[in-house]
file coords.cif (mmCIF, C-alpha atoms)
data_entry
loop_
_atom_site.label_atom_id
_atom_site.label_comp_id
_atom_site.auth_asym_id
_atom_site.auth_seq_id
_atom_site.Cartn_x
_atom_site.Cartn_y
_atom_site.Cartn_z
CA MET A 1 -39.49 -23.61 69.20
CA ASP A 2 -38.07 -27.09 69.71
CA ARG A 3 -41.00 -28.43 67.74
CA ALA A 4 -40.34 -25.97 64.89
CA ILE A 5 -36.70 -27.08 64.79
CA GLY A 6 -37.80 -30.73 64.68
CA VAL A 7 -40.12 -29.97 61.77
CA VAL A 8 -37.40 -28.08 59.87
CA LEU A 9 -35.02 -31.02 60.26
CA ARG A 10 -37.55 -33.60 59.12
CA VAL A 11 -38.88 -31.54 56.22
CA GLY A 12 -35.31 -30.68 55.17
CA VAL A 13 -34.21 -34.31 55.02
CA MET A 14 -37.39 -35.40 53.23
CA ALA A 15 -37.24 -32.57 50.68
CA ALA A 16 -33.54 -33.25 50.04
CA ALA A 17 -34.19 -36.98 49.64
CA SER A 18 -37.09 -36.34 47.23
CA VAL A 19 -35.00 -34.05 45.02
CA VAL A 20 -32.08 -36.52 45.06
CA LEU A 21 -34.46 -39.38 44.22
CA GLY A 22 -36.08 -37.40 41.38
CA GLY A 23 -32.72 -36.38 39.95
CA GLY A 24 -31.39 -39.91 40.43
CA VAL A 25 -34.24 -41.58 38.54
CA TRP A 26 -33.87 -39.02 35.76
CA TYR A 27 -30.11 -39.56 35.61
CA LEU A 28 -30.44 -43.35 35.52
CA ALA A 29 -33.14 -43.13 32.83
CA ARG A 30 -30.80 -41.13 30.64
CA PHE A 31 -27.32 -42.37 31.54
CA GLY A 32 -28.01 -45.59 33.45
CA MET A 33 -26.06 -47.68 30.97
CA LEU A 34 -22.84 -45.82 31.69
CA VAL A 35 -20.55 -47.51 34.19
CA PRO A 36 -19.10 -44.85 36.45
CA ASN A 37 -15.45 -45.04 37.44
CA TYR A 38 -14.53 -43.82 40.90
CA ARG A 39 -11.19 -45.62 41.20
CA ALA A 40 -9.29 -42.57 40.08
CA PHE A 41 -9.99 -39.18 41.56
CA HIS A 42 -10.57 -36.36 39.08
CA GLY A 43 -12.69 -34.00 41.14
CA GLU A 44 -16.08 -32.77 40.09
CA PRO A 45 -16.44 -30.31 37.20
CA GLU A 46 -16.79 -26.61 37.98
CA GLY A 47 -20.58 -26.67 37.60
CA LEU A 48 -21.05 -29.16 40.46
CA ARG A 49 -18.81 -27.37 42.94
CA SER A 50 -20.60 -24.17 43.85
CA VAL A 51 -24.11 -23.07 44.72
CA ALA A 52 -24.25 -20.82 41.64
CA GLY A 53 -22.86 -23.52 39.35
CA ILE A 54 -25.33 -26.12 40.58
CA TRP A 55 -28.22 -23.71 40.09
CA LYS A 56 -27.10 -23.00 36.52
CA GLY A 57 -27.04 -26.75 35.85
CA VAL A 58 -30.53 -27.19 37.25
CA VAL A 59 -31.87 -24.44 35.01
CA ALA A 60 -30.10 -26.15 32.08
CA MET A 61 -31.93 -29.41 33.02
CA GLN A 62 -28.85 -31.43 33.95
CA PRO A 63 -29.92 -34.45 36.05
CA ARG A 64 -26.57 -34.52 37.91
CA SER A 65 -27.11 -30.92 38.94
CA VAL A 66 -30.58 -31.80 40.23
CA ILE A 67 -29.10 -34.53 42.45
CA GLN A 68 -26.46 -32.06 43.62
CA LEU A 69 -29.25 -29.56 44.41
CA GLY A 70 -30.81 -32.20 46.68
CA LEU A 71 -27.46 -32.70 48.43
CA LEU A 72 -27.22 -28.93 48.77
CA LEU A 73 -30.67 -28.90 50.44
CA LEU A 74 -29.40 -31.53 52.84
CA ILE A 75 -26.31 -29.47 53.72
CA ALA A 76 -28.60 -26.46 54.17
CA THR A 77 -30.84 -28.29 56.66
CA PRO A 78 -28.56 -28.02 59.73
CA ILE A 79 -27.69 -24.48 58.63
CA ALA A 80 -31.41 -23.61 58.68
CA ARG A 81 -31.61 -25.12 62.13
CA VAL A 82 -28.80 -22.85 63.36
CA ALA A 83 -30.53 -19.84 61.74
CA LEU A 84 -33.78 -20.73 63.57
CA SER A 85 -31.85 -20.90 66.85
CA VAL A 86 -30.78 -17.28 66.36
CA PHE A 87 -34.45 -16.30 66.54
CA ALA A 88 -35.08 -18.66 69.45
CA PHE A 89 -32.31 -17.02 71.51
CA ALA A 90 -33.40 -13.54 70.40
CA ALA A 91 -36.92 -14.28 71.68
CA GLN A 92 -35.37 -15.16 75.06
CA ARG A 93 -33.39 -11.89 74.93
CA ASP A 94 -30.21 -13.91 75.36
CA ARG A 95 -27.65 -11.69 73.65
CA THR A 96 -24.66 -13.92 74.43
CA TYR A 97 -26.25 -16.84 72.63
CA VAL A 98 -27.53 -14.77 69.74
CA ALA A 99 -23.88 -13.79 69.22
CA ILE A 100 -22.56 -17.37 69.64
CA THR A 101 -25.16 -18.71 67.21
CA LEU A 102 -24.39 -15.99 64.67
CA VAL A 103 -20.70 -16.98 64.81
CA VAL A 104 -21.61 -20.61 64.04
CA LEU A 105 -23.94 -19.48 61.25
CA ALA A 106 -21.20 -17.29 59.73
CA ILE A 107 -18.72 -20.20 59.76
CA LEU A 108 -21.26 -22.48 58.03
CA ILE A 109 -22.20 -19.94 55.36
CA GLY A 110 -18.54 -19.06 54.81
CA SER A 111 -17.79 -22.73 54.20
CA LEU A 112 -20.72 -23.39 51.86
CA THR A 113 -20.22 -20.26 49.74
CA GLY A 114 -16.56 -21.05 49.22
CA VAL A 115 -15.16 -18.12 51.20
CA VAL A 116 -13.07 -20.56 53.25
CA ALA A 117 -11.92 -22.79 50.38
CA PRO A 118 -12.59 -21.15 47.02
CA PRO A 119 -13.40 -23.62 44.22
CA ARG A 120 -10.28 -24.23 42.14
CA MET B 121 -18.59 -47.23 58.28
CA ILE B 122 -19.68 -46.34 54.74
CA THR B 123 -16.31 -45.00 53.63
CA PRO B 124 -14.38 -48.25 54.30
CA VAL B 125 -17.06 -50.30 52.53
CA LEU B 126 -16.91 -48.02 49.49
CA THR B 127 -13.11 -47.98 49.36
CA LEU B 128 -12.37 -51.60 50.32
CA LEU B 129 -15.28 -53.39 48.66
CA PHE B 130 -16.02 -51.22 45.65
CA GLY B 131 -12.57 -49.72 45.11
CA VAL B 132 -13.84 -46.15 45.18
CA ASP B 133 -11.17 -43.47 45.66
CA ILE B 134 -11.21 -42.50 49.34
CA ARG B 135 -11.84 -38.84 48.51
CA TYR B 136 -15.09 -39.61 46.66
CA ALA B 137 -16.03 -42.04 49.44
CA ILE B 138 -15.48 -39.39 52.11
CA GLY B 139 -17.56 -36.86 50.16
CA ALA B 140 -20.49 -39.26 49.80
CA THR B 141 -20.31 -40.37 53.43
CA LEU B 142 -20.19 -36.83 54.79
CA VAL B 143 -23.48 -36.04 53.10
CA SER B 144 -25.05 -39.15 54.60
CA VAL B 145 -23.79 -38.14 58.05
CA ILE B 146 -25.89 -34.97 57.77
CA ALA B 147 -28.93 -37.05 56.80
CA THR B 148 -28.49 -39.40 59.77
CA SER B 149 -27.96 -36.65 62.28
CA SER B 150 -30.80 -34.44 61.07
CA GLY B 151 -33.22 -37.33 60.66
CA ALA B 152 -32.51 -38.64 64.14
CA ALA B 153 -32.33 -35.21 65.78
CA SER B 154 -35.80 -34.40 64.48
CA ALA B 155 -37.14 -37.10 66.76
CA TYR B 156 -34.93 -36.38 69.78
CA VAL B 157 -35.12 -32.61 69.88
CA THR B 158 -38.41 -32.50 71.79
CA GLU B 159 -37.43 -35.03 74.47
CA GLY B 160 -35.67 -32.51 76.68
CA PHE B 161 -32.32 -34.31 76.93
CA SER B 162 -30.29 -32.20 74.55
CA ASN B 163 -28.85 -28.94 75.84
CA ILE B 164 -29.04 -26.40 73.02
CA ARG B 165 -26.70 -23.95 74.78
CA ILE B 166 -23.94 -26.51 75.28
CA GLY B 167 -24.41 -27.68 71.71
CA MET B 168 -24.31 -24.24 70.16
CA PHE B 169 -21.32 -23.06 72.20
CA LEU B 170 -19.31 -26.19 71.38
CA GLU B 171 -20.31 -25.96 67.72
CA ILE B 172 -18.01 -22.95 67.38
CA ALA B 173 -15.17 -25.38 68.16
CA THR B 174 -16.46 -28.30 66.07
CA THR B 175 -17.20 -26.22 62.95
CA LEU B 176 -13.81 -24.48 63.05
CA GLY B 177 -12.21 -27.89 63.61
CA ALA B 178 -14.22 -29.42 60.76
CA ILE B 179 -13.08 -26.78 58.30
CA THR B 180 -9.47 -27.21 59.44
CA GLY B 181 -9.80 -30.98 58.98
CA ALA B 182 -11.38 -30.63 55.55
CA LEU B 183 -8.61 -28.28 54.41
CA LEU B 184 -6.01 -30.72 55.76
CA ALA B 185 -7.62 -33.59 53.86
CA ALA B 186 -6.62 -31.94 50.59
CA LYS B 187 -2.96 -31.80 51.69
CA ILE B 188 -2.47 -35.24 53.24
CA PRO B 189 -1.80 -38.28 50.99
CA THR B 190 -4.79 -40.63 50.75
CA SER B 191 -2.78 -43.55 52.16
CA ALA B 192 -2.22 -41.58 55.38
CA ILE B 193 -5.94 -40.81 55.54
CA GLY B 194 -6.59 -44.54 55.17
CA VAL B 195 -4.29 -45.37 58.10
CA ILE B 196 -5.78 -42.65 60.35
CA PHE B 197 -9.23 -43.88 59.39
CA GLY B 198 -8.29 -47.43 60.37
CA LEU B 199 -6.96 -46.33 63.76
CA VAL B 200 -10.13 -44.34 64.46
CA LEU B 201 -12.28 -47.36 63.51
CA ILE B 202 -10.37 -49.64 65.86
CA CYS B 203 -10.68 -47.12 68.70
CA SER B 204 -14.40 -46.76 68.14
CA ALA B 205 -14.85 -50.55 68.01
CA PHE B 206 -13.12 -50.68 71.38
CA PHE B 207 -15.28 -47.95 72.92
CA SER B 208 -18.61 -49.13 71.52
CA SER B 209 -18.16 -52.63 72.94
CA GLY B 210 -17.14 -51.42 76.39
CA PRO B 211 -19.54 -50.57 79.20
CA LYS B 212 -20.91 -47.08 79.39
CA PRO B 213 -19.66 -44.99 82.31
CA GLU B 214 -22.23 -44.03 84.92
CA THR B 215 -23.03 -40.41 85.57
CA ARG B 216 -21.77 -38.94 88.79
CA GLU B 217 -22.94 -36.30 91.20
CA ASN B 218 -21.29 -32.99 90.45
CA ALA B 219 -20.67 -30.58 93.28
CA SER B 220 -18.29 -27.89 92.09
CA THR B 221 -18.81 -25.74 89.04
CA ASP B 222 -16.86 -23.97 86.33
CA ALA B 223 -17.01 -20.17 86.23
CA LEU B 224 -17.27 -20.21 82.46
CA ALA B 225 -20.14 -22.72 82.59
CA GLU B 226 -21.89 -20.34 84.98
CA ARG B 227 -21.37 -17.37 82.71
CA LEU B 228 -22.49 -19.24 79.59
CA LYS B 229 -25.50 -20.70 81.42
CA LEU B 230 -24.51 -24.24 80.46
CA ASN B 231 -25.79 -25.83 83.68
CA SER B 232 -29.25 -27.28 83.29
CA SER B 233 -31.38 -30.27 84.20
CA TYR B 234 -32.77 -33.30 82.40
CA PRO B 235 -35.80 -35.55 82.88
CA THR B 236 -35.35 -38.84 84.75
CA ALA B 237 -37.75 -41.36 86.28
CA HIS B 238 -37.55 -39.39 89.56
CA GLY B 239 -38.20 -35.96 88.04
CA TRP B 240 -35.80 -33.33 86.77
CA GLN B 241 -32.16 -33.95 87.65
CA PRO B 242 -29.94 -30.84 87.64
CA TYR B 243 -26.32 -31.09 86.45
CA ARG B 244 -23.29 -28.81 86.46
CA VAL B 245 -20.84 -28.63 83.59
CA GLN B 246 -17.10 -28.89 84.41
CA ARG B 247 -13.90 -27.94 82.60
CA VAL B 248 -15.49 -26.00 79.76
CA LYS B 249 -12.16 -24.98 78.19
CA THR B 250 -10.88 -28.57 78.02
CA GLY B 251 -14.15 -29.66 76.47
CA PHE B 252 -14.01 -26.85 73.95
CA GLY B 253 -10.48 -27.86 72.93
CA ALA B 254 -11.44 -31.54 72.64
CA MET B 255 -14.38 -30.52 70.46
CA PHE B 256 -12.04 -28.75 68.08
CA GLY B 257 -10.18 -32.06 67.78
CA ALA B 258 -13.42 -34.00 67.25
CA GLY B 259 -14.42 -31.51 64.56
CA ALA B 260 -11.03 -31.78 62.84
CA LEU B 261 -11.27 -35.57 62.75
CA SER B 262 -14.81 -35.33 61.41
CA GLY B 263 -13.67 -32.92 58.68
CA LEU B 264 -10.58 -34.96 57.81
CA LEU B 265 -12.34 -38.32 57.52
CA GLY B 266 -15.90 -37.28 56.69
CA ILE B 267 -17.27 -39.03 59.76
CA GLY B 268 -19.67 -37.79 62.42
CA SER B 269 -17.17 -38.47 65.24
CA GLY B 270 -20.09 -38.64 67.64
CA ALA B 271 -18.24 -41.04 69.92
CA LEU B 272 -15.43 -38.54 70.40
CA LYS B 273 -17.90 -35.75 71.08
CA VAL B 274 -19.63 -37.86 73.70
CA LEU B 275 -16.26 -38.74 75.22
CA ALA B 276 -15.32 -35.06 75.51
CA MET B 277 -18.66 -34.11 77.03
CA ASP B 278 -18.79 -37.11 79.31
CA HIS B 279 -15.21 -37.29 80.61
CA ALA B 280 -14.00 -33.69 80.46
CA MET B 281 -17.20 -31.78 81.03
CA ARG B 282 -18.97 -34.36 83.21
CA ILE B 283 -22.23 -33.99 81.37
CA PRO B 284 -24.74 -36.82 82.05
CA PHE B 285 -24.63 -39.53 79.40
CA LYS B 286 -28.17 -39.06 78.09
CA VAL B 287 -27.60 -35.34 77.70
CA SER B 288 -24.21 -35.74 76.03
CA THR B 289 -25.41 -38.38 73.53
CA SER B 290 -28.43 -36.42 72.36
CA THR B 291 -26.54 -33.11 72.34
CA SER B 292 -23.72 -34.66 70.32
CA ASN B 293 -26.20 -36.07 67.83
CA PHE B 294 -27.55 -32.58 67.39
CA MET B 295 -24.02 -31.24 66.85
CA ILE B 296 -22.96 -33.86 64.29
CA GLY B 297 -25.10 -32.45 61.47
CA VAL B 298 -23.85 -28.90 61.96
CA THR B 299 -20.23 -30.08 62.16
CA ALA B 300 -20.62 -32.15 59.00
CA ALA B 301 -22.31 -29.25 57.18
CA ALA B 302 -19.25 -27.10 57.92
CA SER B 303 -16.83 -29.51 56.25
CA ALA B 304 -19.33 -30.49 53.52
CA GLY B 305 -19.11 -26.92 52.19
CA VAL B 306 -15.35 -27.25 51.79
CA TYR B 307 -15.67 -30.72 50.21
CA LEU B 308 -18.30 -29.47 47.78
CA ASN B 309 -16.12 -26.57 46.68
CA ARG B 310 -13.15 -28.92 46.27
CA GLY B 311 -15.16 -31.25 44.02
CA TYR B 312 -15.17 -34.27 46.38
CA ILE B 313 -18.94 -34.69 46.36
CA ASP B 314 -20.06 -36.69 43.34
CA PRO B 315 -23.86 -36.65 42.86
CA VAL B 316 -24.14 -40.09 41.28
CA LEU B 317 -22.09 -41.79 44.01
CA ALA B 318 -23.70 -39.82 46.87
CA MET B 319 -27.25 -40.49 45.62
CA PRO B 320 -27.68 -44.15 46.68
CA VAL B 321 -25.75 -43.61 49.92
CA MET B 322 -27.80 -40.57 50.86
CA LEU B 323 -31.17 -42.12 49.96
CA GLY B 324 -30.50 -45.30 51.91
CA VAL B 325 -29.29 -43.46 54.96
CA SER B 326 -32.13 -40.88 54.96
CA ALA B 327 -34.78 -43.57 54.77
CA GLY B 328 -33.03 -45.52 57.50
CA SER B 329 -32.63 -42.59 59.85
CA LEU B 330 -36.17 -41.25 59.48
CA TRP B 331 -37.54 -44.72 60.03
CA GLY B 332 -35.06 -45.78 62.70
CA ALA B 333 -35.53 -42.69 64.84
CA ARG B 334 -39.16 -43.64 65.32
CA HIS B 335 -38.97 -47.42 65.52
CA LEU B 336 -35.67 -48.45 67.03
CA ALA B 337 -35.88 -46.54 70.30
CA GLY B 338 -36.66 -49.58 72.42
CA THR B 339 -34.68 -52.36 70.74
CA LYS B 340 -32.21 -54.50 72.63
CA THR B 341 -28.81 -53.45 71.39
CA ARG B 342 -26.29 -55.60 73.25
CA VAL B 343 -25.77 -58.23 70.55
CA LEU B 344 -26.00 -55.62 67.81
CA ARG B 345 -23.24 -53.64 69.46
CA ILE B 346 -20.89 -56.59 69.73
CA VAL B 347 -21.41 -57.55 66.08
CA PHE B 348 -20.94 -53.91 65.13
CA ALA B 349 -17.73 -53.65 67.14
CA VAL B 350 -16.23 -56.74 65.48
CA VAL B 351 -17.15 -55.58 61.97
CA VAL B 352 -15.77 -52.10 62.60
CA GLY B 353 -12.57 -53.51 64.08
CA VAL B 354 -11.96 -55.71 61.03
CA LEU B 355 -12.67 -52.81 58.67
CA GLY B 356 -10.19 -50.72 60.66
CA LEU B 357 -7.43 -53.30 60.21
CA GLU B 358 -8.21 -53.53 56.50
CA MET B 359 -8.04 -49.76 56.14
CA ILE B 360 -4.62 -49.64 57.84
CA TYR B 361 -3.40 -52.48 55.63
CA GLY B 362 -4.76 -50.72 52.55
CA GLY B 363 -3.08 -47.49 53.53
CA LEU B 364 0.30 -49.04 54.35
CA SER B 365 0.37 -51.20 51.22
CA GLY B 366 -0.48 -48.14 49.11
CA LYS B 367 -3.78 -49.49 47.82
CA ILE B 368 -5.78 -46.57 49.18
#
call {"tool": "encode", "arguments": {"input": "coords.cif", "output": "structure tokens"}}
result
Amino acid sequence: MDRAIGVVLRVGVMAAASVVLGGGVWYLARFGMLVPNYRAFHGEPEGLRSVAGIWKGVVAMQPRSVIQLGLLLLIATPIARVALSVFAFAAQRDRTYVAITLVVLAILIGSLTGVVAPPR
Amino acid sequence: MITPVLTLLFGVDIRYAIGATLVSVIATSSGAASAYVTEGFSNIRIGMFLEIATTLGAITGALLAAKIPTSAIGVIFGLVLICSAFFSSGPKPETRENASTDALAERLKLNSSYPTAHGWQPYRVQRVKTGFGAMFGAGALSGLLGIGSGALKVLAMDHAMRIPFKVSTSTSNFMIGVTAAASAGVYLNRGYIDPVLAMPVMLGVSAGSLWGARHLAGTKTRVLRIVFAVVVGVLGLEMIYGGLSGKI
């Protein structure tokens, strides 16, 4: 099980990095001449703030959305690890830890899906 | 470390810098944890139980970050940097023999053993409630500043819970990614994570952590740590100055 978790972590980071790299090269090829300005904070547009919005952007072939998808994969990697641990504890018939792990998983999913802080 | 460089050197708004750094924290932790998870040092039960505290703390911190002025975040950041410079240059405390035990640790099956040169060494976890509370604080700081706050997690596990150093460092590393993922969700929904800024940070850090986890295990770190402590201390002072003078 430990080995499976190790593989999930490594594959997750590599997959996320590949998608970010792909989206990044594509973005730079198209908009590389633009000089971004991060001195003032405006917040990201709606489409880059939620899982659904990012997916829509990817389907619409927006390079920024592809990079954001890679970052989303990265955020999902530790979440996948927690989900795997639920099964690991279930296989050991350890009910207490299945419950504890499910609580952690619920907090993580609640945060990512915007239940905790809805996109404004 | 990345946030102060982005804000001080490149003049990036601290909120964008925190968003980009948080993502890279997940990459570091996951990349490194993939190598450490099979070594037998990390205690998955301790990690998972304490993650309830760190994730709740992280979300609280991330929600607070939207309410606090950026200059205050800059000052808090500076203070945390100076503290961590102080701790990382100091000697590491030795692990002690633990006789008594905590009833809660017993019930949650937190006591375990870890491999040493002389075989498996059992350990008993103390003061679980104190540790749990400290972890909420570590999570909040991580969520507020977008840092891993691994040092604080180790401190809580080492001093309050009396967990052996090797176990607490690898367990904390395993917790950092989950803690950061909890606040990253809030930051994403708030629009703090900019893909074009996060891209180079994330790519550099992922490559470094996947490579470093395999190759840096045996390097001598004494000099590195001193240099690191000095750099972090200076960055901390700069952050406080930036915050107080209203530049951040």
call {"tool": "residues_around", "arguments": {"input": "coords.cif", "residues": "A:Val86", "least_positions_apart": "4", "cutoff": "7 Å", "atoms": "only C-alpha atoms", "output": "tab-separated table (two decimals) with C-alpha atoms, keeping the file's coordinate frame"}}
result
chain	number	residue	atom	x	y	z
A	82	VAL	CA	-28.80	-22.85	63.36
A	90	ALA	CA	-33.40	-13.54	70.40
A	98	VAL	CA	-27.53	-14.77	69.74
A	101	THR	CA	-25.16	-18.71	67.21
A	102	LEU	CA	-24.39	-15.99	64.67
call {"tool": "interface_residues", "arguments": {"input": "coords.cif", "of": "chain A", "to": "chain B", "cutoff": "6 Å", "atoms": "all atoms listed in the file", "output": "list in words"}}
result
Asp2, Gly6, Leu9, Arg10, Ala17, Tyr38, Arg39, Ala40, Gly43, Glu44, Arg49, Ser50, Ile67, Gln68, Ile75, Pro78, Val104, Leu108, Ser111, Leu112, Ala117 and Pro119 of chain A
call {"tool": "closest_residue", "arguments": {"input": "coords.cif", "among": "B:Lys286, B:Arg247, B:Lys187, B:Lys273", "to": "B:Pro235", "atoms": "all atoms listed in the file"}}
result
B:Lys286
call {"tool": "closest_residue", "arguments": {"input": "coords.cif", "among": "A:Ala88, A:Ala83, A:Tyr27, A:Ile5", "to": "A:Val103", "atoms": "all atoms listed in the file"}}
result
A:Ala83
call {"tool": "resolve_selection", "arguments": {"input": "coords.cif", "expression": "the PyMOL selection byres ((chain B and resi 360) around 8)", "output": "ChimeraX atom specification"}}
result
/B:194-199,356-359,361-364
call {"tool": "resolve_selection", "arguments": {"input": "coords.cif", "expression": "the PyMOL selection byres ((chain B and resi 352) around 8)", "output": "ChimeraX atom specification"}}
result
/B:121,201-202,204-205,348-351,353-356
call {"tool": "atom_distance", "arguments": {"input": "coords.cif", "atom1": "atom CA of B:Ile193", "atom2": "atom CA of B:Leu265"}}
result
7.1 Å
call {"tool": "atom_distance", "arguments": {"input": "coords.cif", "atom1": "atom CA of A:Met14", "atom2": "atom CA of A:Met1"}}
result
20.0 Å
call {"tool": "closest_residue", "arguments": {"input": "coords.cif", "among": "A:Leu72, A:Ile107, A:Val66, A:Val20", "to": "B:Val321", "atoms": "all atoms listed in the file"}}
result
A:Val20
call {"tool": "closest_residue", "arguments": {"input": "coords.cif", "among": "B:Ile267, B:Glu226, B:Val145, B:Val125", "to": "A:Val13", "atoms": "only C-alpha atoms"}}
result
B:Val145
call {"tool": "resolve_selection", "arguments": {"input": "coords.cif", "expression": "the PyMOL selection byres ((chain B and resi 243) around 7)", "output": "PyMOL selection string"}}
result
chain B and resi 218+231-233+241-242+244-245
call {"tool": "atom_distance", "arguments": {"input": "coords.cif", "atom1": "atom CA of A:Ala91", "atom2": "atom CA of B:Gln246"}}
result
27.7 Å
call {"tool": "closest_residue", "arguments": {"input": "coords.cif", "among": "B:Val274, B:Met281, B:Ser288, B:Ile122", "to": "B:Phe207", "atoms": "all atoms listed in the file"}}
result
B:Val274
